[in-house]
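Novice: Got my_file-v1.cif for you, mmCIF, C-alpha atoms:
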```cif
data_entry
#
loop_
_atom_site.label_atom_id
_atom_site.label_comp_id
_atom_site.auth_asym_id
_atom_site.auth_seq_id
_atom_site.Cartn_x
_atom_site.Cartn_y
_atom_site.Cartn_z
CA MET E 19 168.19 77.58 39.43
CA ALA E 20 166.25 80.83 39.35
CA ASN E 21 166.80 82.43 35.97
CA LYS E 22 164.58 84.27 33.45
CA GLU E 23 165.82 81.84 30.80
CA GLN E 24 165.04 78.78 32.87
CA PRO E 25 163.57 75.99 30.70
CA ASP E 26 160.30 74.26 31.51
CA LYS E 27 162.06 70.92 31.91
CA TRP E 28 165.62 70.31 33.05
CA THR E 29 167.21 67.54 31.03
CA ILE E 30 170.87 66.59 31.07
CA LEU E 31 171.47 68.64 27.93
CA THR E 32 169.62 71.73 29.11
CA ILE E 33 171.34 71.73 32.50
CA LEU E 34 174.74 71.32 30.82
CA THR E 35 174.05 74.22 28.48
CA TRP E 36 172.79 76.43 31.30
CA THR E 37 175.73 75.58 33.57
CA GLU E 38 178.28 76.19 30.84
CA SER E 39 176.81 79.64 30.24
CA TYR E 40 176.75 80.38 33.97
CA PHE E 41 180.36 79.30 34.43
CA LYS E 42 181.40 81.49 31.50
CA SER E 43 179.75 84.47 33.16
CA ARG E 44 181.74 83.74 36.32
CA THR E 45 185.00 83.25 34.36
CA ILE E 46 185.37 79.62 35.41
CA ASP E 47 188.08 77.83 33.42
CA SER E 48 186.92 75.19 30.90
CA PRO E 49 183.22 75.85 31.59
CA ARG E 50 181.80 73.03 29.47
CA LEU E 51 184.26 70.42 30.72
CA THR E 52 183.72 71.54 34.30
CA ALA E 53 179.95 71.29 33.89
CA GLU E 54 180.29 67.79 32.44
CA MET E 55 182.60 66.57 35.19
CA LEU E 56 180.40 67.89 37.97
CA LEU E 57 177.15 66.61 36.47
CA ALA E 58 178.60 63.17 35.74
CA HIS E 59 179.83 63.01 39.34
CA ASN E 60 176.45 64.19 40.63
CA LEU E 61 174.59 61.54 38.65
CA ALA E 62 177.22 58.85 39.25
CA ILE E 63 177.62 58.18 35.54
CA LYS E 64 180.42 58.55 33.00
CA ARG E 65 180.82 61.75 31.01
CA LEU E 66 180.03 59.86 27.81
CA ASP E 67 176.71 58.76 29.31
CA LEU E 68 175.68 62.40 29.63
CA TYR E 69 175.32 62.48 25.86
CA LEU E 70 173.88 59.01 25.55
CA GLN E 71 171.17 60.12 27.99
CA TYR E 72 171.04 63.77 26.94
CA ASP E 73 167.22 63.98 27.02
CA ARG E 74 166.85 62.37 30.45
CA PRO E 75 164.93 64.65 32.86
CA LEU E 76 166.61 65.37 36.19
CA GLU E 77 164.74 64.73 39.39
CA LYS E 78 164.31 67.48 41.96
CA GLN E 79 166.91 65.99 44.33
CA GLU E 80 169.42 65.64 41.49
CA LEU E 81 168.93 69.29 40.58
CA GLU E 82 169.35 70.41 44.19
CA SER E 83 172.54 68.42 44.73
CA PHE E 84 173.97 69.65 41.42
CA LYS E 85 173.16 73.23 42.40
CA SER E 86 175.29 72.79 45.52
CA LEU E 87 178.21 71.59 43.39
CA ILE E 88 177.88 74.63 41.13
CA LYS E 89 178.00 76.92 44.17
CA ARG E 90 181.15 75.23 45.43
CA ARG E 91 182.89 75.65 42.09
CA VAL E 92 182.04 79.35 41.70
CA GLN E 93 183.50 79.84 45.18
CA SER E 94 186.81 78.63 43.67
CA GLU E 95 186.84 75.13 45.15
CA PRO E 96 188.78 72.89 42.74
CA VAL E 97 186.81 70.31 40.78
CA ALA E 98 189.08 67.54 42.10
CA TYR E 99 188.13 68.29 45.70
CA ILE E 100 184.44 68.48 44.80
CA THR E 101 184.46 65.12 43.02
CA GLY E 102 187.16 63.58 45.23
CA GLN E 103 188.99 62.28 42.17
CA LYS E 104 191.84 63.31 39.89
CA GLY E 105 193.24 61.43 36.92
CA PHE E 106 197.02 60.97 36.91
CA PHE E 107 199.26 58.70 34.85
CA GLU E 108 196.41 56.50 33.58
CA SER E 109 194.82 56.02 37.02
CA ASP E 110 192.13 57.82 39.02
CA PHE E 111 193.39 58.96 42.41
CA GLU E 112 191.33 59.87 45.43
CA VAL E 113 192.10 63.39 46.62
CA THR E 114 191.02 65.35 49.68
CA PRO E 115 192.04 68.76 51.06
CA ASP E 116 194.77 66.87 52.96
CA VAL E 117 196.73 66.41 49.74
CA LEU E 118 197.96 68.47 46.84
CA ILE E 119 196.01 67.79 43.66
CA PRO E 120 198.26 65.85 41.24
CA ARG E 121 199.28 67.91 38.20
CA PRO E 122 199.93 66.69 34.66
CA ASP E 123 203.43 68.23 34.87
CA THR E 124 204.29 65.77 37.63
CA GLU E 125 203.87 62.86 35.22
CA CYS E 126 207.26 63.95 33.90
CA ILE E 127 209.01 62.81 37.09
CA VAL E 128 207.20 59.46 36.95
CA GLU E 129 208.46 58.94 33.40
CA GLU E 130 212.02 59.75 34.47
CA ALA E 131 211.74 57.43 37.47
CA ILE E 132 210.64 54.58 35.20
CA LYS E 133 213.71 55.20 33.03
CA ALA E 134 215.91 55.07 36.12
CA LEU E 135 214.32 51.81 37.26
CA ASP E 136 214.85 50.29 33.82
CA ASP E 137 218.53 51.27 33.85
CA ASN E 138 220.80 48.22 33.94
CA VAL E 139 223.40 49.84 36.21
CA PHE E 140 222.27 47.54 39.03
CA SER E 141 222.16 44.36 36.93
CA GLY E 142 218.37 44.30 36.70
CA GLU E 143 217.89 43.29 40.35
CA PRO E 144 214.90 44.64 42.34
CA LYS E 145 215.63 48.16 43.52
CA ASN E 146 214.73 49.91 46.75
CA VAL E 147 212.71 53.05 45.97
CA ILE E 148 211.37 55.80 48.24
CA GLU E 149 209.22 58.86 47.67
CA LEU E 150 209.57 61.77 50.08
CA GLY E 151 206.45 63.84 50.75
CA THR E 152 204.14 61.45 48.95
CA GLY E 153 200.84 63.34 49.45
CA SER E 154 198.16 61.45 47.54
CA GLY E 155 200.72 58.81 46.62
CA ALA E 156 200.41 59.69 42.94
CA ILE E 157 204.10 59.22 42.18
CA ALA E 158 204.85 56.17 44.32
CA VAL E 159 201.62 54.38 43.40
CA SER E 160 202.07 55.10 39.69
CA LEU E 161 205.60 53.71 39.86
CA ALA E 162 204.54 50.61 41.78
CA LYS E 163 201.83 49.96 39.21
CA ALA E 164 204.09 50.55 36.21
CA ARG E 165 207.13 48.68 37.59
CA PRO E 166 205.88 46.15 40.16
CA GLY E 167 209.17 44.25 40.48
CA HIS E 168 210.76 46.65 42.96
CA ARG E 169 210.47 47.52 46.68
CA TYR E 170 208.68 50.78 47.48
CA ALA E 171 208.32 53.02 50.51
CA ALA E 172 206.99 56.54 50.95
CA SER E 173 206.93 59.14 53.70
CA ASP E 174 204.87 62.22 54.52
CA ILE E 175 204.67 64.46 57.56
CA SER E 176 200.86 64.48 57.27
CA LEU E 177 198.97 61.47 58.61
CA GLY E 178 195.88 62.64 56.71
CA ALA E 179 197.83 62.57 53.46
CA LEU E 180 199.19 59.10 54.17
CA LEU E 181 195.70 57.74 54.77
CA VAL E 182 194.72 59.01 51.32
CA ALA E 183 197.90 57.57 49.79
CA GLN E 184 197.25 54.17 51.37
CA LYS E 185 193.73 54.10 49.93
CA ASN E 186 195.09 54.89 46.49
CA ALA E 187 197.76 52.22 46.80
CA ASN E 188 195.19 49.61 47.80
CA LYS E 189 192.96 50.54 44.87
CA ILE E 190 195.49 51.04 42.08
CA SER E 191 198.62 48.95 42.65
CA GLU E 192 199.05 45.32 43.60
CA THR E 193 202.61 46.03 44.74
CA LYS E 194 202.98 46.72 48.46
CA ILE E 195 204.16 50.21 49.45
CA ASP E 196 205.40 50.85 52.98
CA PHE E 197 204.06 54.21 54.16
CA CYS E 198 205.49 56.00 57.17
CA VAL E 199 204.78 59.27 58.97
CA GLY E 200 207.84 61.50 59.08
CA ASN E 201 209.53 64.58 57.73
CA TRP E 202 211.58 63.63 54.67
CA PHE E 203 214.07 60.91 55.73
CA SER E 204 213.22 60.91 59.44
CA CYS E 205 211.33 57.62 59.43
CA PHE E 206 213.98 55.68 57.51
CA ALA E 207 216.86 53.96 59.25
CA LYS E 208 220.25 55.57 58.64
CA GLN E 209 221.59 52.28 57.29
CA ALA E 210 218.78 52.05 54.70
CA GLN E 211 220.07 52.28 51.14
CA PHE E 212 218.03 53.17 48.08
CA SER E 213 218.71 53.03 44.36
CA LEU E 214 216.09 55.69 43.62
CA ILE E 215 214.75 58.58 45.68
CA VAL E 216 211.91 60.68 44.26
CA SER E 217 210.30 63.83 45.60
CA ASN E 218 207.99 66.65 44.57
CA PRO E 219 208.57 68.96 47.56
CA PRO E 220 206.99 72.35 48.25
CA TYR E 221 208.74 74.89 46.04
CA ILE E 222 206.61 78.04 45.92
CA PRO E 223 208.45 81.02 47.49
CA SER E 224 206.57 82.20 50.58
CA GLY E 225 206.10 85.66 49.13
CA ASP E 226 204.41 84.26 46.03
CA ILE E 227 201.71 82.27 47.84
CA GLY E 228 199.36 85.26 47.86
CA THR E 229 199.60 85.59 44.07
CA LEU E 230 198.43 82.05 43.37
CA GLN E 231 195.00 81.28 41.96
CA PRO E 232 192.24 81.20 44.61
CA GLU E 233 191.75 77.50 43.85
CA ILE E 234 195.28 76.90 45.13
CA GLN E 235 195.84 79.37 47.95
CA LEU E 236 192.39 78.95 49.51
CA PHE E 237 192.01 75.19 49.27
CA GLU E 238 195.25 73.25 48.77
CA PRO E 239 197.41 72.40 51.84
CA MET E 240 199.93 75.15 52.54
CA LEU E 241 202.31 72.52 53.91
CA ALA E 242 202.63 71.13 50.37
CA LEU E 243 203.13 74.53 48.73
CA ASP E 244 205.37 76.81 50.80
CA GLY E 245 209.05 76.30 49.99
CA GLY E 246 210.43 79.10 52.13
CA GLN E 247 211.75 82.52 51.20
CA ASP E 248 213.32 81.48 47.88
CA GLY E 249 211.33 78.27 47.38
CA LEU E 250 214.44 76.11 47.84
CA ASP E 251 214.34 75.25 51.56
CA CYS E 252 213.12 71.68 51.08
CA TYR E 253 215.68 70.98 48.36
CA ARG E 254 218.48 72.01 50.72
CA ILE E 255 217.20 69.61 53.38
CA ILE E 256 216.75 66.71 50.95
CA LEU E 257 220.11 67.21 49.21
CA ASN E 258 221.91 67.51 52.54
CA ASP E 259 220.61 64.09 53.61
CA ALA E 260 220.08 62.11 50.40
CA HIS E 261 223.73 61.08 50.08
CA ASN E 262 223.37 59.05 53.30
CA TYR E 263 220.60 56.96 51.73
CA LEU E 264 221.64 56.68 48.08
CA VAL E 265 223.66 53.66 47.01
CA PRO E 266 226.71 54.49 44.88
CA GLY E 267 225.32 55.09 41.40
CA GLY E 268 221.88 55.82 42.83
CA THR E 269 219.58 58.55 41.53
CA LEU E 270 217.67 61.38 43.19
CA LEU E 271 214.80 62.87 41.16
CA LEU E 272 213.31 66.20 42.20
CA GLU E 273 210.40 68.05 40.66
CA ILE E 274 211.30 71.74 40.48
CA GLY E 275 209.72 75.06 39.62
CA TYR E 276 210.18 76.34 36.08
CA ASP E 277 212.71 79.00 37.21
CA GLN E 278 214.66 77.00 39.82
CA ARG E 279 217.24 75.28 37.64
CA PHE E 280 220.11 77.56 38.58
CA GLY E 281 219.22 77.51 42.27
CA ILE E 282 219.24 73.71 42.30
CA ARG E 283 222.52 73.60 40.38
CA GLU E 284 224.14 75.94 42.89
CA ILE E 285 222.99 73.84 45.85
CA VAL E 286 224.28 70.61 44.27
CA GLN E 287 227.60 72.17 43.30
CA GLY E 288 228.10 73.35 46.86
CA LEU E 289 227.61 69.78 48.13
CA SER E 290 229.19 67.75 45.33
CA ASN E 291 232.70 67.44 46.77
CA SER E 292 231.51 66.39 50.23
CA PHE E 293 228.64 64.15 49.15
CA ASN E 294 229.90 62.71 45.85
CA TYR E 295 227.09 64.17 43.75
CA GLN E 296 227.47 64.42 40.00
CA ALA E 297 226.46 67.62 38.20
CA PRO E 298 222.65 67.74 37.98
CA GLU E 299 220.79 67.18 34.73
CA PHE E 300 217.43 68.73 33.95
CA VAL E 301 214.41 67.46 32.03
CA LYS E 302 211.76 69.70 30.51
CA ASP E 303 208.03 69.09 30.63
CA LEU E 304 205.70 69.24 27.62
CA ALA E 305 205.43 73.02 28.00
CA GLY E 306 209.20 73.36 27.63
CA HIS E 307 209.84 74.26 31.29
CA ASN E 308 212.60 72.68 33.36
CA ARG E 309 210.60 70.30 35.53
CA VAL E 310 212.84 67.52 36.87
CA ALA E 311 216.32 67.68 38.36
CA ILE E 312 218.34 64.46 38.14
CA VAL E 313 221.09 64.17 40.74
CA LYS E 314 223.22 61.02 40.75
CA LYS E 315 225.65 59.78 43.36
CA SER E 316 228.98 58.81 41.85
CA ILE E 317 229.96 55.14 41.93
CA ASP E 318 233.55 55.95 42.90
#
```
Could the structure of this file be written out as C-alpha cells, please?
Specialist:
Amino acid sequence: MANKEQPDKWTILTILTWTESYFKSRTIDSPRLTAEMLLAHNLAIKRLDLYLQYDRPLEKQELESFKSLIKRRVQSEPVAYITGQKGFFESDFEVTPDVLIPRPDTECIVEEAIKALDDNVFSGEPKNVIELGTGSGAIAVSLAKARPGHRYAASDISLGALLVAQKNANKISETKIDFCVGNWFSCFAKQAQFSLIVSNPPYIPSGDIGTLQPEIQLFEPMLALDGGQDGLDCYRIILNDAHNYLVPGGTLLLEIGYDQRFGIREIVQGLSNSFNYQAPEFVKDLAGHNRVAIVKKSID
C-alpha cells in the first residue's frame, strides 16, 4: 500500500477510504461499493459489520490479501469472480469463470416463468420445466425455490458450469433439479414433454464481442456470450426444436437482447405454420428494454 498519504494505522475505515479513492483514480465503477464488497469478503464479515467495526486495525496478512484483491479488480476482473458470489433473485449464487455472472435483467425472465407456472391452463397440476443453457443455475434454481411443486431439469454443454449449478441447487433449493450435459435439447428424450421451457442463450453478435467491457470479454465464458453473426443463431436452434418438446398450450421463454425483438418475431413467424407457434409477446425490463420473448404453442 505504498502511498505518500498512507496513514500510520490501517483500520477498516481508513482502508475503505483509501481504496475508494484509488478505485476512483482507476475509473472503477461504484468505487465505494466495490471496496466494501471486497473488504467484507477478505475479512469474512458482512458489509454492515465493516461500519460496526470501523476502527478495527487490520493485521498484516489481512492487508496483504486485500491488496491482492485490489490488484485483481483494477485488472478488470469482475467482483463476482473475485468473491465467488453473486446475488440473484433473493439468493446468493456461487459463480466461477465457468459460468456467466447472473444479471439483474435476467430476474425478469424468472418473474415471467413464475407467472407461467401459476397459470391455470394445466389445471394446477405439477408441470415439467426445463432450462436450456443453465450456466450457474440461477434461473432454474430460483424457480425451484420459488415454486417447489413442479418437476425441474436443466442442461448445459459445459460440465464445469453444471458442477457450479449443482452446488447452487444443493445450497439454495430443496426441490430436486435433474442436470444433464448436452447442447440445448440433446440430452432430453424426444418423447419428453414440457409445459415450460426457459433459456437465456448467448445473444451477442460475434462482431460486437470486442466492444464489450473488459470485465466481460476478458473474463466471462465466450461460449455463453457469442450468438453468431447476428446474435440469433441459438434462438434459431431452440425455436426449431422446442415444438417437439412443448405440450400443446406450453410456453417457451427466451431472454433477448434489447434490439432483437424484430429478429425474434421474424424467426417465429417463419416457423409458426409448421410448428403451431402463436405470435410472440415481449416483456420489458425495468430499464424499458425488451428483455423476454414469450412464445406459446397453440392448443389446437
Novice: Give me, as JSON, numbers by chain, all polymer residues having an atom no more than 8 Å from stretch 129-134 of chain E, counting all atoms listed in the file and skipping those fewer than 4 positions away in the same chain.
Specialist: {"E": [125, 161, 164, 165, 214, 216, 269, 271]}
Novice: Hey, which of E:Leu180, E:Ile195, E:Leu289, E:Leu118 ends up closest to E:Pro220? Count all atoms listed in the file.
Specialist: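 Closest to E:Pro220, using all atoms listed in the file: E:Leu118.
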Novice: Set the distance at 10 Å and use only C-alpha atoms: which residues neighbour E:Pro144 once local chain neighbours fewer than 6 positions away are removed? I'd like the list as a PDB file with C-alpha atoms, keeping the file's coordinate frame.
Specialist:
```
ATOM      1  CA  LEU E 135     214.320  51.810  37.260  1.00  0.00           C
ATOM      2  CA  ARG E 165     207.130  48.680  37.590  1.00  0.00           C
ATOM      3  CA  PRO E 166     205.880  46.150  40.160  1.00  0.00           C
ATOM      4  CA  GLY E 167     209.170  44.250  40.480  1.00  0.00           C
ATOM      5  CA  HIS E 168     210.760  46.650  42.960  1.00  0.00           C
ATOM      6  CA  ARG E 169     210.470  47.520  46.680  1.00  0.00           C
ATOM      7  CA  SER E 213     218.710  53.030  44.360  1.00  0.00           C
TER       8      SER E 213
END
```
Novice: How would you write, as a list in words, the residues chosen by the PyMOL selection byres ((chain E and resi 83) around 12) on this structure?
Specialist: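 Selected by the PyMOL selection byres ((chain E and resi 83) around 12) in this file: Met19, Leu56, Leu57, His59, Asn60, Leu61, Ala62, Leu76, Glu77, Lys78, Gln79, Glu80, Leu81, Glu82, Phe84, Lys85, Ser86, Leu87, Ile88, Lys89, Arg90 and Ile100 of chain E.
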Novice: Can you give me, as a ChimeraX atom specification, the residues this file yields under the PyMOL selection byres ((chain E and resi 305-308) around 10)?
Specialist: /E:123,273-279,299-304,309-311
Novice: Quick one, how far is atom CA of E:Asp73 from atom CA of E:Pro49?
Specialist: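 Atom CA of E:Pro49 lies at a distance of 20.4 Å from atom CA of E:Asp73.
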Novice: So what does the PyMOL selection byres ((chain E and resi 233) around 9) actually pick up in this one, as a VMD selection string?
Specialist: chain E and resid 93 to 96 230 to 232 234 to 238
Novice: Closest to E:Lys104 among E:Met55, E:Ala207, E:Leu270, E:Ile148, using all atoms listed in the file?
Specialist: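 Selected residue with least distance to E:Lys104: E:Met55.
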Novice: Which polymer residues have any atom within 9 Å of an atom of E:Pro266, counting all atoms listed in the file, with same-chain residues fewer than 5 positions away left out, as a count of residues only?
Specialist: 8
Novice: Could you name the residues that touch E:Phe111 at 10 Å or less, counting all atoms listed in the file, but leaving out those on the same chain fewer than 5 positions away, as JSON, numbers by chain?
Specialist: {"E": [98, 102, 103, 104, 105, 106, 119, 120, 154, 155, 156, 159, 160, 182, 183, 185, 186, 187, 189, 190]}
Novice: Would you list the contacts of E:Leu31 as a PDB file with C-alpha atoms, in the frame of the given file, taking every protein, DNA or RNA residue within 9 Å and counting only C-alpha atoms, but skipping same-chain residues closer than 5 positions in sequence?
Specialist:
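Printed below is selection20.pdb as written:
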```pdb
ATOM      1  CA  TRP E  36     172.790  76.430  31.300  1.00  0.00           C
ATOM      2  CA  LEU E  68     175.680  62.400  29.630  1.00  0.00           C
ATOM      3  CA  TYR E  69     175.320  62.480  25.860  1.00  0.00           C
ATOM      4  CA  GLN E  71     171.170  60.120  27.990  1.00  0.00           C
ATOM      5  CA  TYR E  72     171.040  63.770  26.940  1.00  0.00           C
ATOM      6  CA  ASP E  73     167.220  63.980  27.020  1.00  0.00           C
ATOM      7  CA  ARG E  74     166.850  62.370  30.450  1.00  0.00           C
TER       8      ARG E  74
END
```
Novice: One decimal, in Å: what's the spacing between atom CA of E:Pro75 and atom CA of E:Trp28?
Specialist: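 Between these atoms lies a distance of 5.7 Å.
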Novice: Just the number, please: distance in Å from atom CA of E:Ile285 to atom CA of E:Leu241, one decimal.
Specialist: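 One can read the atom CA of E:Ile285 to atom CA of E:Leu241 distance as 22.2 Å.
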Novice: Regenerate stretch 145-159 of chain E at the level of N, CA, C and O atoms and dump it as a short mmCIF file (atom, residue, chain, number, x, y, z; two decimals), in the coordinates of the input.
Specialist:
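Output (part.cif):
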```cif
data_model
loop_
_atom_site.label_atom_id
_atom_site.label_comp_id
_atom_site.auth_asym_id
_atom_site.auth_seq_id
_atom_site.Cartn_x
_atom_site.Cartn_y
_atom_site.Cartn_z
N LYS E 145 215.05 46.96 42.92
CA LYS E 145 215.63 48.16 43.52
C LYS E 145 214.78 48.64 44.69
O LYS E 145 213.56 48.46 44.70
N ASN E 146 215.43 49.27 45.64
CA ASN E 146 214.73 49.91 46.75
C ASN E 146 214.44 51.35 46.35
O ASN E 146 215.34 52.10 45.97
N VAL E 147 213.16 51.74 46.44
CA VAL E 147 212.71 53.05 45.97
C VAL E 147 211.94 53.74 47.08
O VAL E 147 211.10 53.10 47.75
N ILE E 148 212.19 55.04 47.30
CA ILE E 148 211.37 55.80 48.24
C ILE E 148 210.90 57.10 47.59
O ILE E 148 211.57 57.67 46.73
N GLU E 149 209.71 57.53 48.02
CA GLU E 149 209.22 58.86 47.67
C GLU E 149 209.10 59.67 48.96
O GLU E 149 208.52 59.20 49.94
N LEU E 150 209.63 60.87 48.93
CA LEU E 150 209.57 61.77 50.08
C LEU E 150 208.45 62.78 49.88
O LEU E 150 208.37 63.42 48.84
N GLY E 151 207.57 62.92 50.88
CA GLY E 151 206.45 63.84 50.75
C GLY E 151 205.44 63.33 49.75
O GLY E 151 205.07 64.04 48.81
N THR E 152 204.92 62.14 49.97
CA THR E 152 204.14 61.45 48.95
C THR E 152 202.76 62.06 48.69
O THR E 152 202.20 61.89 47.61
N GLY E 153 202.17 62.75 49.68
CA GLY E 153 200.84 63.34 49.45
C GLY E 153 199.81 62.29 49.12
O GLY E 153 199.59 61.34 49.88
N SER E 154 199.18 62.42 47.97
CA SER E 154 198.16 61.45 47.54
C SER E 154 198.75 60.11 47.15
O SER E 154 198.00 59.16 46.90
N GLY E 155 200.07 60.04 47.07
CA GLY E 155 200.72 58.81 46.62
C GLY E 155 200.82 58.70 45.12
O GLY E 155 201.20 57.65 44.60
N ALA E 156 200.49 59.77 44.41
CA ALA E 156 200.41 59.69 42.94
C ALA E 156 201.70 59.18 42.31
O ALA E 156 201.65 58.33 41.40
N ILE E 157 202.84 59.65 42.78
CA ILE E 157 204.10 59.22 42.18
C ILE E 157 204.43 57.79 42.57
O ILE E 157 204.67 56.93 41.70
N ALA E 158 204.47 57.51 43.86
CA ALA E 158 204.85 56.17 44.32
C ALA E 158 203.91 55.10 43.80
O ALA E 158 204.34 54.03 43.35
N VAL E 159 202.61 55.37 43.84
CA VAL E 159 201.62 54.38 43.40
C VAL E 159 201.72 54.16 41.89
O VAL E 159 201.64 53.02 41.41
#
```
